[in-house]
Every structure is written in C-alpha cells, then in structure tokens.
>>> print(open('target_12.cif').read())   # mmCIF, C-alpha atoms and all ligand atoms
data_query
loop_
_atom_site.label_atom_id
_atom_site.label_comp_id
_atom_site.auth_asym_id
_atom_site.auth_seq_id
_atom_site.Cartn_x
_atom_site.Cartn_y
_atom_site.Cartn_z
CA MET Q 908 165.45 -0.73 -127.58
CA PRO Q 909 165.50 -4.53 -127.59
CA TYR Q 910 165.11 -6.21 -130.92
CA ALA Q 911 161.52 -6.59 -132.14
CA PRO Q 912 160.50 -8.86 -135.01
CA LYS Q 913 159.46 -7.17 -138.24
CA LEU Q 914 155.79 -8.13 -137.93
CA LYS Q 915 153.39 -9.02 -135.16
CA GLU Q 916 151.41 -12.23 -135.03
CA SER Q 917 147.80 -11.86 -136.19
CA ALA Q 918 145.39 -11.85 -133.27
CA SER Q 919 143.28 -14.93 -132.67
CA GLN Q 920 139.49 -14.74 -132.78
CA THR Q 921 137.02 -17.37 -131.66
CA ALA Q 922 136.21 -20.11 -134.16
CA GLY Q 923 132.54 -19.39 -133.43
CA PRO Q 924 129.57 -21.73 -133.46
CA TYR Q 925 129.87 -22.58 -137.16
CA VAL Q 926 133.49 -23.73 -137.26
CA HIS Q 927 132.30 -27.06 -138.65
CA ILE Q 928 131.06 -25.39 -141.84
CA GLY Q 929 134.61 -24.42 -142.64
CA CYS Q 930 136.60 -27.27 -141.16
CA MET Q 931 134.35 -30.32 -141.49
CA PRO Q 932 131.50 -29.30 -143.81
CA ASN Q 933 130.40 -32.86 -144.55
CA THR Q 934 129.31 -33.24 -140.93
CA THR Q 935 127.01 -30.21 -141.32
CA GLY Q 936 125.28 -31.57 -144.41
CA ILE Q 937 127.44 -29.68 -146.94
CA HIS Q 938 128.57 -32.64 -149.03
CA THR Q 939 129.31 -31.26 -152.46
CA ILE Q 940 132.31 -29.03 -151.79
CA PHE Q 941 135.00 -31.33 -150.32
CA ASP Q 942 135.02 -35.11 -150.91
CA THR Q 943 135.97 -35.84 -147.33
CA ASP Q 944 136.59 -33.81 -144.21
CA LEU Q 945 140.20 -33.10 -143.38
CA GLY Q 946 141.53 -35.22 -140.53
CA SER Q 947 138.57 -37.61 -140.45
CA THR Q 948 140.85 -40.60 -141.14
CA MET Q 949 144.24 -40.91 -139.45
CA ILE Q 950 145.04 -44.49 -140.47
CA THR Q 951 145.26 -44.67 -144.25
CA GLY Q 952 146.62 -48.17 -144.75
CA ASP Q 953 148.51 -50.89 -142.99
CA ALA Q 954 149.93 -48.65 -140.28
CA LYS Q 955 152.33 -50.08 -137.73
CA GLY Q 956 151.37 -50.10 -134.08
CA GLU Q 957 148.47 -50.69 -131.78
CA ARG Q 958 145.09 -49.39 -132.90
CA VAL Q 959 143.43 -47.47 -130.12
CA ASN Q 960 140.63 -44.98 -129.67
CA ILE Q 961 140.93 -41.76 -127.77
CA GLU Q 962 137.61 -40.55 -126.42
CA ALA Q 963 137.35 -37.22 -124.69
CA VAL Q 964 134.62 -34.99 -123.29
CA ILE Q 965 135.09 -31.27 -122.67
CA PHE Q 966 133.21 -29.75 -119.74
CA ASP Q 967 132.54 -26.06 -119.26
CA GLY Q 968 132.52 -24.25 -115.92
CA SER Q 969 128.98 -25.44 -115.15
CA GLY Q 970 129.91 -29.08 -115.77
CA THR Q 971 128.02 -29.17 -119.06
CA PRO Q 972 129.65 -31.01 -121.98
CA VAL Q 973 130.81 -28.68 -124.74
CA LYS Q 974 129.27 -30.08 -127.90
CA ASP Q 975 130.06 -27.42 -130.47
CA ALA Q 976 133.87 -27.51 -130.33
CA MET Q 977 136.23 -28.68 -133.01
CA VAL Q 978 139.05 -30.77 -131.59
CA GLU Q 979 142.29 -31.63 -133.34
CA ILE Q 980 145.01 -34.02 -132.31
CA TRP Q 981 148.59 -34.28 -133.52
CA GLN Q 982 150.89 -37.12 -132.60
CA ALA Q 983 153.84 -39.28 -133.55
CA ASP Q 984 153.51 -42.65 -135.23
CA ALA Q 985 154.19 -45.98 -133.49
CA ASN Q 986 157.95 -45.38 -133.82
CA GLY Q 987 157.78 -41.94 -132.28
CA VAL Q 988 158.21 -40.08 -135.59
CA PHE Q 989 156.01 -37.14 -136.59
CA PRO Q 990 154.67 -37.32 -140.16
CA SER Q 991 156.02 -33.85 -140.89
CA PRO Q 992 158.94 -32.61 -142.98
CA GLU Q 993 160.00 -30.66 -139.89
CA ASP Q 994 160.71 -33.96 -138.11
CA GLY Q 995 163.36 -34.94 -140.64
CA ARG Q 996 162.96 -38.70 -140.05
CA GLU Q 997 160.89 -41.09 -142.09
CA ALA Q 998 157.39 -41.57 -140.71
CA ASP Q 999 154.92 -44.40 -141.29
CA PRO Q 1000 153.41 -43.71 -144.73
CA HIS Q 1001 150.06 -45.14 -143.63
CA PHE Q 1002 149.50 -42.79 -140.75
CA THR Q 1003 148.77 -39.05 -140.91
CA GLY Q 1004 149.28 -38.12 -137.25
CA PHE Q 1005 146.53 -35.52 -137.61
CA GLY Q 1006 142.92 -35.96 -136.54
CA ARG Q 1007 140.02 -33.54 -136.45
CA GLN Q 1008 136.66 -34.38 -134.87
CA HIS Q 1009 133.42 -32.94 -133.55
CA ALA Q 1010 131.41 -34.06 -130.56
CA ASP Q 1011 128.65 -36.60 -130.52
CA HIS Q 1012 125.40 -34.63 -130.44
CA ASP Q 1013 124.02 -36.48 -127.41
CA THR Q 1014 127.04 -37.27 -125.25
CA GLY Q 1015 129.58 -34.63 -126.23
CA VAL Q 1016 132.22 -37.36 -126.75
CA PHE Q 1017 134.98 -36.71 -129.28
CA LYS Q 1018 136.34 -39.95 -130.69
CA PHE Q 1019 139.63 -40.43 -132.51
CA GLU Q 1020 140.53 -43.76 -134.11
CA THR Q 1021 144.30 -43.76 -134.11
CA ILE Q 1022 147.56 -45.57 -133.40
CA LYS Q 1023 149.09 -45.46 -129.99
CA PRO Q 1024 152.05 -43.11 -130.43
CA GLY Q 1025 155.53 -44.30 -129.62
CA ALA Q 1026 157.86 -42.50 -127.26
CA VAL Q 1027 159.61 -39.63 -129.05
CA SER Q 1028 163.41 -39.61 -128.79
CA VAL Q 1029 165.06 -36.50 -130.10
CA ASP Q 1030 168.29 -34.68 -129.23
CA GLY Q 1031 169.03 -37.02 -126.34
CA LYS Q 1032 165.63 -36.58 -124.71
CA THR Q 1033 162.85 -39.15 -124.60
CA TYR Q 1034 159.26 -38.00 -124.32
CA ALA Q 1035 156.57 -40.40 -123.08
CA PRO Q 1036 153.87 -41.34 -125.61
CA HIS Q 1037 151.41 -38.47 -125.87
CA VAL Q 1038 149.04 -36.61 -128.11
CA LEU Q 1039 148.74 -32.85 -128.55
CA MET Q 1040 145.07 -31.83 -128.30
CA TRP Q 1041 143.90 -28.48 -129.68
CA ILE Q 1042 140.43 -27.12 -128.95
CA ALA Q 1043 138.64 -24.38 -130.91
CA ALA Q 1044 135.08 -23.35 -130.12
CA ARG Q 1045 132.57 -20.59 -129.59
CA GLY Q 1046 133.52 -18.76 -126.41
CA ILE Q 1047 137.20 -19.78 -126.69
CA ASN Q 1048 139.12 -16.71 -127.84
CA LEU Q 1049 142.47 -18.38 -128.39
CA ALA Q 1050 142.39 -22.09 -129.14
CA LEU Q 1051 143.40 -24.19 -126.14
CA ALA Q 1052 146.36 -26.56 -126.35
CA THR Q 1053 146.78 -29.46 -123.99
CA ARG Q 1054 148.32 -32.93 -124.02
CA VAL Q 1055 146.97 -36.40 -123.47
CA TYR Q 1056 149.25 -38.97 -121.84
CA PHE Q 1057 148.37 -42.61 -121.11
CA ASP Q 1058 147.81 -44.22 -117.71
CA ASP Q 1059 149.48 -47.49 -118.73
CA GLU Q 1060 152.79 -45.70 -119.33
CA THR Q 1061 153.61 -45.01 -115.69
CA ASP Q 1062 157.39 -45.33 -116.03
CA ALA Q 1063 157.60 -43.33 -119.25
CA ASN Q 1064 155.38 -40.63 -117.76
CA GLU Q 1065 157.56 -40.51 -114.67
CA ALA Q 1066 160.64 -39.91 -116.82
CA ASP Q 1067 158.97 -37.49 -119.25
CA PRO Q 1068 161.00 -34.25 -119.37
CA PHE Q 1069 157.86 -32.29 -119.91
CA LEU Q 1070 155.59 -33.73 -117.20
CA SER Q 1071 158.41 -33.63 -114.69
CA ARG Q 1072 158.76 -29.87 -115.19
CA ILE Q 1073 155.19 -29.17 -114.08
CA GLU Q 1074 155.52 -27.70 -110.63
CA LEU Q 1075 152.04 -28.36 -109.30
CA LYS Q 1076 152.11 -32.17 -109.31
CA SER Q 1077 148.48 -32.39 -108.24
CA ARG Q 1078 147.49 -31.08 -111.67
CA VAL Q 1079 149.42 -33.68 -113.67
CA PRO Q 1080 146.55 -36.24 -113.59
CA THR Q 1081 144.46 -33.78 -115.67
CA LEU Q 1082 146.71 -34.78 -118.59
CA ILE Q 1083 146.43 -38.55 -118.24
CA ALA Q 1084 143.81 -40.61 -120.06
CA LYS Q 1085 142.55 -43.87 -118.59
CA ARG Q 1086 142.67 -47.08 -120.52
CA ASP Q 1087 139.49 -49.12 -120.94
CA GLY Q 1088 140.07 -51.99 -123.39
CA ASN Q 1089 141.27 -50.43 -126.62
CA THR Q 1090 139.98 -47.02 -125.66
CA TYR Q 1091 141.64 -44.27 -123.69
CA ARG Q 1092 139.03 -42.10 -121.97
CA HIS Q 1093 139.80 -38.55 -121.06
CA GLU Q 1094 138.05 -35.56 -119.55
CA ILE Q 1095 138.90 -31.94 -120.23
CA HIS Q 1096 137.69 -29.40 -117.70
CA LEU Q 1097 137.81 -25.79 -118.83
CA GLN Q 1098 137.35 -24.51 -115.28
CA GLY Q 1099 136.96 -25.70 -111.70
CA PRO Q 1100 139.03 -27.72 -109.24
CA ASP Q 1101 139.95 -30.24 -111.95
CA GLU Q 1102 140.83 -27.61 -114.53
CA THR Q 1103 142.95 -29.23 -117.24
CA ILE Q 1104 146.47 -27.97 -117.76
CA PHE Q 1105 146.61 -25.85 -120.90
CA PHE Q 1106 149.86 -24.77 -122.49
CA ASP Q 1107 151.16 -21.59 -123.96
CA LEU Q 1108 152.90 -23.42 -126.81
CA MET C 1023 166.00 -31.51 -134.24
CA LYS C 1024 164.16 -28.26 -134.70
CA SER C 1025 164.67 -24.81 -133.41
CA GLY C 1026 161.70 -23.31 -131.68
CA TYR C 1027 159.34 -20.44 -132.33
CA TYR C 1028 159.22 -16.95 -130.96
CA PRO C 1029 157.18 -16.85 -127.78
CA ARG C 1030 153.60 -15.81 -128.38
CA ASP C 1031 152.94 -12.19 -127.41
CA LEU C 1032 149.74 -12.74 -125.46
CA ASN C 1033 149.09 -8.97 -125.35
CA MET C 1034 148.19 -9.21 -129.02
CA HIS C 1035 145.56 -11.88 -128.35
CA PRO C 1036 142.27 -11.79 -126.50
CA PRO C 1037 142.48 -13.09 -122.94
CA ALA C 1038 140.37 -16.18 -122.23
CA TYR C 1039 137.92 -14.41 -119.91
CA THR C 1040 136.11 -11.60 -121.72
CA PRO C 1041 132.72 -11.11 -120.05
CA GLY C 1042 131.53 -8.76 -122.82
CA TYR C 1043 131.50 -11.90 -124.92
CA ARG C 1044 129.26 -13.94 -122.68
CA THR C 1045 130.03 -17.44 -123.90
CA SER C 1046 133.64 -16.96 -122.78
CA VAL C 1047 132.59 -16.77 -119.13
CA LEU C 1048 132.10 -20.52 -118.63
CA ARG C 1049 134.61 -21.56 -121.28
CA SER C 1050 137.68 -19.66 -120.11
CA PRO C 1051 140.36 -21.47 -118.13
CA GLN C 1052 140.98 -19.61 -114.88
CA LYS C 1053 144.51 -20.76 -114.31
CA ALA C 1054 147.36 -19.29 -116.32
CA PRO C 1055 148.49 -21.42 -119.24
CA ILE C 1056 151.79 -23.17 -118.54
CA GLY C 1057 154.57 -21.85 -120.70
CA PHE C 1058 157.37 -24.08 -121.92
CA ASP C 1059 160.03 -24.15 -124.54
CA GLY C 1060 158.19 -26.50 -126.83
CA SER C 1061 159.20 -29.92 -128.01
CA PRO C 1062 159.12 -31.88 -131.28
CA THR C 1063 155.35 -32.14 -130.88
CA GLU C 1064 154.84 -28.40 -131.32
CA PHE C 1065 157.73 -27.87 -133.75
CA THR C 1066 156.11 -30.23 -136.26
CA GLY C 1067 152.65 -30.23 -137.78
CA PRO C 1068 150.57 -31.77 -140.53
CA THR C 1069 151.27 -30.71 -144.10
CA PHE C 1070 148.92 -31.14 -147.00
CA GLY C 1071 149.74 -31.46 -150.67
CA HIS C 1072 148.40 -29.13 -153.33
CA SER C 1073 146.55 -32.18 -154.69
CA LEU C 1074 144.16 -31.83 -151.75
CA ILE C 1075 142.71 -28.70 -153.33
CA GLY C 1076 139.91 -29.16 -155.85
CA GLU C 1077 139.36 -26.83 -158.78
CA LEU C 1078 136.60 -24.80 -157.13
CA ASP C 1079 137.76 -25.07 -153.51
CA ASN C 1080 138.87 -21.42 -153.58
CA ASN C 1081 135.69 -20.17 -155.26
CA LEU C 1082 132.74 -19.80 -152.90
CA ILE C 1083 130.80 -18.04 -155.66
CA LEU C 1084 130.66 -21.29 -157.61
CA ASN C 1085 131.60 -24.21 -155.36
CA PHE C 1086 128.06 -24.85 -154.13
CA ALA C 1087 126.17 -23.41 -157.10
CA GLN C 1088 124.05 -25.24 -159.63
CA ALA C 1089 125.55 -25.39 -163.12
CA GLY C 1090 125.21 -22.01 -164.78
CA GLU C 1091 124.28 -20.25 -161.54
CA SER C 1092 126.27 -18.43 -158.87
CA ALA C 1093 125.95 -17.15 -155.33
CA ILE C 1094 124.05 -13.92 -154.70
CA GLY C 1095 126.00 -10.94 -153.40
CA GLU C 1096 128.87 -8.57 -154.05
CA ARG C 1097 131.58 -10.50 -155.86
CA ILE C 1098 134.99 -10.08 -154.25
CA MET C 1099 138.46 -11.57 -154.30
CA VAL C 1100 140.26 -11.88 -150.97
CA HIS C 1101 144.01 -12.20 -151.30
CA GLY C 1102 147.22 -11.71 -149.40
CA TYR C 1103 150.25 -13.39 -147.92
CA VAL C 1104 150.78 -15.73 -145.01
CA LEU C 1105 154.03 -14.59 -143.42
CA ASP C 1106 155.85 -15.21 -140.20
CA GLU C 1107 156.96 -12.51 -137.77
CA GLU C 1108 160.18 -12.00 -139.73
CA ALA C 1109 158.11 -11.43 -142.90
CA ARG C 1110 159.25 -14.74 -144.36
CA PRO C 1111 156.65 -16.47 -146.54
CA VAL C 1112 154.84 -19.43 -145.01
CA ARG C 1113 154.86 -21.67 -148.06
CA ASN C 1114 152.49 -24.43 -149.09
CA THR C 1115 150.31 -24.11 -146.07
CA LEU C 1116 146.60 -24.84 -145.92
CA VAL C 1117 144.23 -21.90 -145.43
CA GLU C 1118 140.56 -22.69 -144.73
CA PHE C 1119 137.74 -20.12 -144.64
CA TRP C 1120 134.03 -20.02 -143.93
CA GLN C 1121 131.38 -17.34 -143.79
CA ALA C 1122 127.72 -16.36 -143.83
CA ASN C 1123 125.95 -15.59 -147.11
CA ALA C 1124 125.23 -12.09 -148.43
CA GLY C 1125 122.23 -11.81 -146.11
CA GLY C 1126 124.21 -12.81 -143.01
CA ARG C 1127 122.90 -16.40 -142.79
CA TYR C 1128 125.01 -19.52 -142.31
CA ARG C 1129 124.14 -22.82 -143.93
CA HIS C 1130 123.80 -24.54 -140.56
CA LYS C 1131 120.83 -26.05 -138.80
CA LYS C 1132 121.50 -23.97 -135.69
CA ASP C 1133 121.36 -20.68 -137.59
CA THR C 1134 117.75 -19.54 -137.55
CA TYR C 1135 118.25 -15.91 -138.63
CA LEU C 1136 115.45 -14.44 -140.77
CA ALA C 1137 117.66 -13.85 -143.78
CA PRO C 1138 117.14 -16.64 -146.32
CA LEU C 1139 119.64 -19.29 -147.36
CA ASP C 1140 121.06 -18.82 -150.82
CA PRO C 1141 120.58 -22.13 -152.65
CA ASN C 1142 123.81 -21.46 -154.54
CA PHE C 1143 126.01 -20.66 -151.56
CA GLY C 1144 127.60 -23.22 -149.23
CA GLY C 1145 129.94 -20.96 -147.29
CA CYS C 1146 133.29 -22.76 -147.10
CA GLY C 1147 136.46 -23.00 -149.09
CA ARG C 1148 140.18 -23.63 -148.83
CA THR C 1149 143.42 -23.01 -150.64
CA MET C 1150 147.16 -23.48 -150.25
CA THR C 1151 149.71 -20.71 -150.18
CA ASP C 1152 152.26 -20.79 -153.00
CA GLU C 1153 156.05 -20.51 -152.86
CA ASN C 1154 155.72 -16.85 -151.88
CA GLY C 1155 153.13 -17.46 -149.18
CA TYR C 1156 150.47 -15.93 -151.43
CA PHE C 1157 146.83 -17.04 -151.43
CA HIS C 1158 143.63 -15.84 -153.03
CA PHE C 1159 140.01 -16.87 -153.22
CA PHE C 1160 136.74 -15.67 -154.68
CA THR C 1161 133.60 -15.17 -152.68
CA ILE C 1162 130.71 -12.83 -152.02
CA ARG C 1163 130.88 -10.23 -149.32
CA PRO C 1164 129.15 -11.75 -146.27
CA GLY C 1165 126.34 -9.88 -144.54
CA ALA C 1166 126.37 -8.66 -140.96
CA TYR C 1167 124.17 -10.71 -138.63
CA PRO C 1168 122.64 -10.41 -135.18
CA TRP C 1169 123.68 -12.87 -132.49
CA PRO C 1170 122.53 -13.69 -128.99
CA ASN C 1171 124.86 -11.92 -126.58
CA GLY C 1172 123.69 -8.48 -125.52
CA LYS C 1173 120.23 -7.26 -126.46
CA ASN C 1174 121.23 -5.90 -129.87
CA ASP C 1175 124.65 -7.25 -130.85
CA TRP C 1176 125.59 -7.61 -134.49
CA ARG C 1177 128.65 -9.20 -135.97
CA PRO C 1178 130.37 -6.98 -138.53
CA ALA C 1179 130.75 -8.63 -141.93
CA HIS C 1180 133.55 -11.17 -141.47
CA ILE C 1181 135.24 -14.24 -142.87
CA HIS C 1182 136.59 -16.93 -140.52
CA PHE C 1183 140.11 -18.24 -141.23
CA SER C 1184 142.01 -21.33 -140.11
CA VAL C 1185 145.73 -21.52 -140.94
CA PHE C 1186 148.15 -24.38 -140.22
CA GLY C 1187 151.64 -23.04 -140.77
CA ALA C 1188 154.69 -25.28 -140.75
CA ALA C 1189 154.19 -26.52 -137.19
CA PHE C 1190 151.48 -26.71 -134.58
CA ALA C 1191 153.18 -23.81 -132.80
CA GLN C 1192 151.95 -21.64 -135.68
CA ARG C 1193 148.37 -22.94 -135.83
CA LEU C 1194 145.87 -20.08 -135.80
CA ILE C 1195 142.15 -19.43 -136.13
CA THR C 1196 141.04 -15.85 -136.65
CA GLN C 1197 138.54 -13.63 -138.47
CA MET C 1198 138.88 -11.03 -141.21
CA TYR C 1199 136.85 -7.81 -141.21
CA PHE C 1200 136.17 -5.25 -143.96
CA GLU C 1201 137.58 -1.74 -144.08
CA GLY C 1202 135.06 0.94 -143.22
CA ASP C 1203 132.50 -1.27 -141.44
CA PRO C 1204 131.07 0.73 -138.49
CA ASN C 1205 130.04 -2.51 -136.74
CA ILE C 1206 133.68 -3.46 -136.15
CA ALA C 1207 134.02 -0.95 -133.33
CA LEU C 1208 130.77 -2.13 -131.72
CA CYS C 1209 131.39 -5.87 -131.76
CA PRO C 1210 131.98 -7.65 -128.42
CA ILE C 1211 134.02 -10.37 -130.15
CA VAL C 1212 136.29 -7.83 -131.85
CA LYS C 1213 136.59 -6.04 -128.52
CA THR C 1214 138.00 -9.16 -126.85
CA ILE C 1215 141.29 -8.08 -128.50
CA PRO C 1216 142.91 -5.58 -126.14
CA ASP C 1217 145.21 -3.94 -128.67
CA GLU C 1218 143.83 -1.44 -131.22
CA ASP C 1219 146.61 -2.09 -133.71
CA ALA C 1220 146.04 -5.83 -133.45
CA ILE C 1221 142.38 -5.22 -134.34
CA ASP C 1222 143.43 -3.03 -137.25
CA ARG C 1223 145.58 -5.83 -138.63
CA LEU C 1224 142.48 -8.03 -138.92
CA ILE C 1225 140.77 -5.49 -141.19
CA ALA C 1226 141.14 -6.19 -144.90
CA ARG C 1227 141.76 -3.19 -147.14
CA LEU C 1228 139.88 -2.41 -150.32
CA ASP C 1229 142.46 -3.01 -153.06
CA MET C 1230 141.40 -1.33 -156.29
CA HIS C 1231 144.74 -2.13 -157.97
CA ASN C 1232 143.98 -5.80 -157.92
CA SER C 1233 140.28 -5.51 -158.55
CA ARG C 1234 139.02 -7.01 -161.79
CA PRO C 1235 137.21 -4.38 -163.84
CA HIS C 1236 133.55 -5.19 -164.52
CA ASP C 1237 133.86 -8.33 -162.37
CA MET C 1238 134.92 -8.07 -158.75
CA ARG C 1239 136.70 -5.86 -156.26
CA ALA C 1240 139.68 -7.13 -154.29
CA TYR C 1241 140.36 -7.03 -150.56
CA ARG C 1242 143.88 -7.45 -149.25
CA PHE C 1243 144.40 -9.47 -146.07
CA ASP C 1244 147.78 -10.63 -144.77
CA ILE C 1245 148.10 -13.18 -141.99
CA VAL C 1246 151.14 -13.30 -139.72
CA LEU C 1247 152.11 -16.49 -137.88
CA ARG C 1248 154.73 -16.85 -135.18
CA GLY C 1249 158.34 -16.44 -136.22
CA LYS C 1250 160.73 -19.34 -136.21
CA ARG C 1251 163.95 -18.93 -134.33
CA SER C 1252 166.87 -18.81 -136.70
CA THR C 1253 169.22 -20.94 -134.57
CA VAL C 1254 170.66 -23.72 -136.67
CA PHE C 1255 170.83 -27.09 -135.02
CA GLU C 1256 173.09 -30.00 -135.90
CA ASN C 1257 174.02 -30.35 -139.53
CA ARG C 1258 170.63 -29.71 -141.05
CA LYS C 1259 170.09 -26.37 -142.73
CA GLU C 1260 167.05 -24.37 -141.80
CA GLY C 1261 164.58 -24.07 -144.63
CA ASN C 1262 164.05 -20.35 -144.27
FE FE Q 1301 130.71 -15.83 -137.99
#
>>> encode(input="target_12.cif", output="structure tokens", more="lines below")
Ligand SMILES: [Fe+3]
Amino acid sequence: MPYAPKLKESASQTAGPYVHIGCMPNTTGIHTIFDTDLGSTMITGDAKGERVNIEAVIFDGSGTPVKDAMVEIWQADANGVFPSPEDGREADPHFTGFGRQHADHDTGVFKFETIKPGAVSVDGKTYAPHVLMWIAARGINLALATRVYFDDETDANEADPFLSRIELKSRVPTLIAKRDGNTYRHEIHLQGPDETIFFDL
Amino acid sequence: MKSGYYPRDLNMHPPAYTPGYRTSVLRSPQKAPIGFDGSPTEFTGPTFGHSLIGELDNNLILNFAQAGESAIGERIMVHGYVLDEEARPVRNTLVEFWQANAGGRYRHKKDTYLAPLDPNFGGCGRTMTDENGYFHFFTIRPGAYPWPNGKNDWRPAHIHFSVFGAAFAQRLITQMYFEGDPNIALCPIVKTIPDEDAIDRLIARLDMHNSRPHDMRAYRFDIVLRGKRSTVFENRKEGN
C-alpha cells in the first residue's frame, strides 16, 4: 500500500447565499459585531508602488453577472514580497496583500483598491506581476482559484514560468486584465467559449 | 522558498457540476481545473494577529444582544482542532463562522423565511486557533430551513465555516452538521459530496464530556486542511 497521510482534508461545501453575513457582515447591515470587515482595506499607510484598481465581473453560464459571490485576492507588494511569514522576506508594512470584496448590487463589479504587485523572484524563478483571485459563492461547491495578470506586462507575461506552462495558449487571455487608466478591468466566465482558466492549487 | 502542499484529493470534494443542487448548473466550470505544482503565491497567505479578535467575537449568544439579554435557542459550544493531513496543529489561524438563528432565519435582506428574526442574534463570529490548533465558540443551535431548489428541500441545521490556514493552498470554506439530524441524508448540498466518509467528517459529535452542566452542551468538530510537504529547502527550518 502506498503511503497515505494520517487524516483526510475536510470536504468543501458551498459558501451559500449568505456568505457576507460571516465574512463581511458590515456590508449586510450587521455593524455592531466587527468594527470593520476583514480585507476591506489593503493599503494601510504610505505603501510603496503604484496605486491601481482591479475591477472584475463574474459571469455565469447564461452570461448573467454573479452578484452574490465573495471574492478574495492575494498578491505580493510592489517589491514582489508576500506579506506572510511563509515568504521569509520583509514585506511592505503598509500593505496587507489581502483583499475581500462583494459585487456592486447593480453592475456586479468587484472593485479592489490595491498596489500593482511587483514581479516575484524566488529560487531562481521570476513570476510576472499577478494576483491570485479566489471566488466563493452559492452554487460553487469548491471555491474557484484563478489568477489575474496585466496586459501592460507583455514581456514579463511571456517569460512567466506559470503562463508558459499552459498548453492551450488560446485560453491564456482569460487570465489577463486590461488596463484603462489606473484601473485593470477583468472578466471571469464560469462557463462558455471564454471560460476562465481555474487552477487546482 | 517554501515547500509545497499535498495535492488536493478531489474525490473528497464535491465536483463543480452537481445538478441536484440546481444553482451549480450555471456556475460550474466545464473544463477541468489546471493542476500545477504551486508557487510562492499559493504557498503564502494572509495571517491575522490575535488582536483582531474582540472579546465577544466567539460568542454568538451575546455578540449581537442587548445588554442583559441573549439569543434565543439551545445554548451550545462548538469546539475542536484545525489540523493538517499529518495531524499537525494549524496554529494561530483565523476561523470565521456564520449561521441562521434558532428558527432557521438569517439576518439578511434576501432571507424571507417565515421564521422571525431574533433581535438578539446577528449570526456571525470568528476566533483564532491557539498554539495547539484548538478553537471554540459559543452559539445557539441553528434551525433547519427550507430553500428554493426542489419542491420541498430543507437544509439540515448547519454552521458555515471559513478557514485560512498558513497559506492560500489551505484556504477552505465548508459547513458543519449536527449528529443525528435526519435532514443530513436528504440534503442536495450535502449530497454534492461523493464520499460517505467525507460527509461523516463534517458532522459534529455531541460531546457530553466537555458540556457545561446547567449551561450548554458541547459539539466537537475538527477541521483538516491540506498537509504541507516536509521537504526542507535551503537553510531555513520548516516550522512544523
Ligand atoms: Fe446556510
């Protein structure tokens, strides 16, 4: 028998329609339990780097914006360091790297006010600037993980060890957000011909 | 940098497309997720200090109640350990939870179920695991509630959980059920999980040993996150 770990991972279950009660209660009108919602502010001081917005819309298989999801992002700071003890390098103290947002009720747009991440250089590899995006919602049984890259980083994207390993090149554009002033706009398609690439982390 | 995590055993998780749970039909990716070895992005994740947690954050009986009042319902403590697949404690990690009130109603404008709101119950809380991966919180047992799916579908009593772990590779959202609830076996959301044992591991056990006499009963619920590979890289020791 091959080796098996001692325990098995707990199964995922959908976050359901009321995920915001637990994860961002202030946005649901529950104001007296937590002072602020976790992840609502990523820039906590004089953070280094370019301030940008990332705006994304998630579309379901009928082309309808998904408005009841909770979306999280995780990214490096302007120097390409993750604000995590697991990184082992010193990150910008004024930047959390972690954002959590809900959709606009009318448009379905998720908006993150953040810093453009730097390229991440670790163990002799350099990864193009990118953001991990994690989507939990009603109807999604196991949260979906994807990445957002930037269309003004053509050379870095070309050299990215991760993007270059994707075999079906025609799907790579589903990971690349388009710059419009200080905002990167991005579409996530859960199904259809433009289905976004999701990762089994 | 970091070593990676054990690959996720997708047989333990619900597939994306589960037509018995109707909302999944239009929200399930149809292409297989792309597997890869991970990178620093997944091997790191946000951490939160214990100072984040307010005094009543782990007490849903009191954290929305007027002074001198408390939420209506069966008083319970939910407790357990967050471990990884090698049974190592996941220390100092944030655990968030949310639930319906004792009548099965959420404090949310989209929940229009007949059961009334409890003016003293908000429905959310959070805590951090300690050095042993242990967590506990106080709440009331949530009610079962009907939901629009089939003609007569009811959710078993449940508490939603969100856990961070040490890295985004361990991030997990799940639900906890209660031992002995006949609605577990009938629920289309529970049934998205293909493995009976995996369902069983989401069912909290009545724990009379840790119940507080004349106050509240305890339920034991352990959460297992992905295991970290034990390979040691460079000159930095792994913090197992
Ligand atoms: Fe629920």
>>> atom_distance(input="target_12.cif", atom1="CA of Ile1104 (chain Q)", atom2="CA of Ala1026 (chain Q)")
20.8 Å
>>> residues_around(input="target_12.cif", residues="Phe1159 (chain C)", least_positions_apart="3", cutoff="10 Å", atoms="all atoms listed in the file", output="number ranges by chain")
C: 1078-1083, 1098-1102, 1119, 1147-1149, 1240
>>> axis_aligned_box(input="target_12.cif", around="region 1236-1241 of chain C", padding_each_side="4 Å", output="lines of an AutoDock Vina configuration file")
center_x = 137.0
center_y = -6.8
center_z = -157.5
size_x = 14.8
size_y = 11.1
size_z = 22.0
>>> closest_atom_pairs(input="target_12.cif", of="chain C", to="ligand FE 1301 (chain Q)", cutoff="12 Å", atoms="all atoms listed in the file", output="tab-separated table")
residue	atom	partner	partner_atom	distance
C:Phe1119	CA	Q:FE1301	FE	10.6
C:Trp1120	CA	Q:FE1301	FE	8.0
C:Gln1121	CA	Q:FE1301	FE	6.0
C:Ala1122	CA	Q:FE1301	FE	6.6
C:Asn1123	CA	Q:FE1301	FE	10.3
C:Gly1126	CA	Q:FE1301	FE	8.8
C:Arg1127	CA	Q:FE1301	FE	9.2
C:Tyr1128	CA	Q:FE1301	FE	8.0
C:Arg1129	CA	Q:FE1301	FE	11.3
C:His1130	CA	Q:FE1301	FE	11.4
C:Asp1133	CA	Q:FE1301	FE	10.5
C:Gly1145	CA	Q:FE1301	FE	10.6
C:Cys1146	CA	Q:FE1301	FE	11.7
C:Pro1164	CA	Q:FE1301	FE	9.4
C:Gly1165	CA	Q:FE1301	FE	9.9
C:Ala1166	CA	Q:FE1301	FE	8.9
C:Tyr1167	CA	Q:FE1301	FE	8.3
C:Pro1168	CA	Q:FE1301	FE	10.1
C:Trp1169	CA	Q:FE1301	FE	9.4
C:Trp1176	CA	Q:FE1301	FE	10.3
C:Arg1177	CA	Q:FE1301	FE	7.2
C:Pro1178	CA	Q:FE1301	FE	8.9
C:Ala1179	CA	Q:FE1301	FE	8.2
C:His1180	CA	Q:FE1301	FE	6.5
C:Ile1181	CA	Q:FE1301	FE	6.8
C:His1182	CA	Q:FE1301	FE	6.5
C:Phe1183	CA	Q:FE1301	FE	10.2
C:Thr1196	CA	Q:FE1301	FE	10.4
C:Gln1197	CA	Q:FE1301	FE	8.1
C:Met1198	CA	Q:FE1301	FE	10.0
C:Tyr1199	CA	Q:FE1301	FE	10.6
C:Cys1209	CA	Q:FE1301	FE	11.8
C:Ile1211	CA	Q:FE1301	FE	10.1
C:Val1212	CA	Q:FE1301	FE	11.5
>>> residues_around(input="target_12.cif", residues="region 1246-1251 of chain C", least_positions_apart="4", cutoff="12 Å", atoms="all atoms listed in the file", output="ChimeraX atom specification")
/Q:911-919,993,1108 /C:1024-1032,1034,1059,1064-1066,1102-1113,1115,1155,1184-1196,1220,1223-1224,1255,1260-1262
>>> closest_residue(input="target_12.cif", among="Q:Glu1074, Q:Glu957, Q:Asp1030, Q:Glu1020", to="chain C", atoms="all atoms listed in the file")
Q:Asp1030
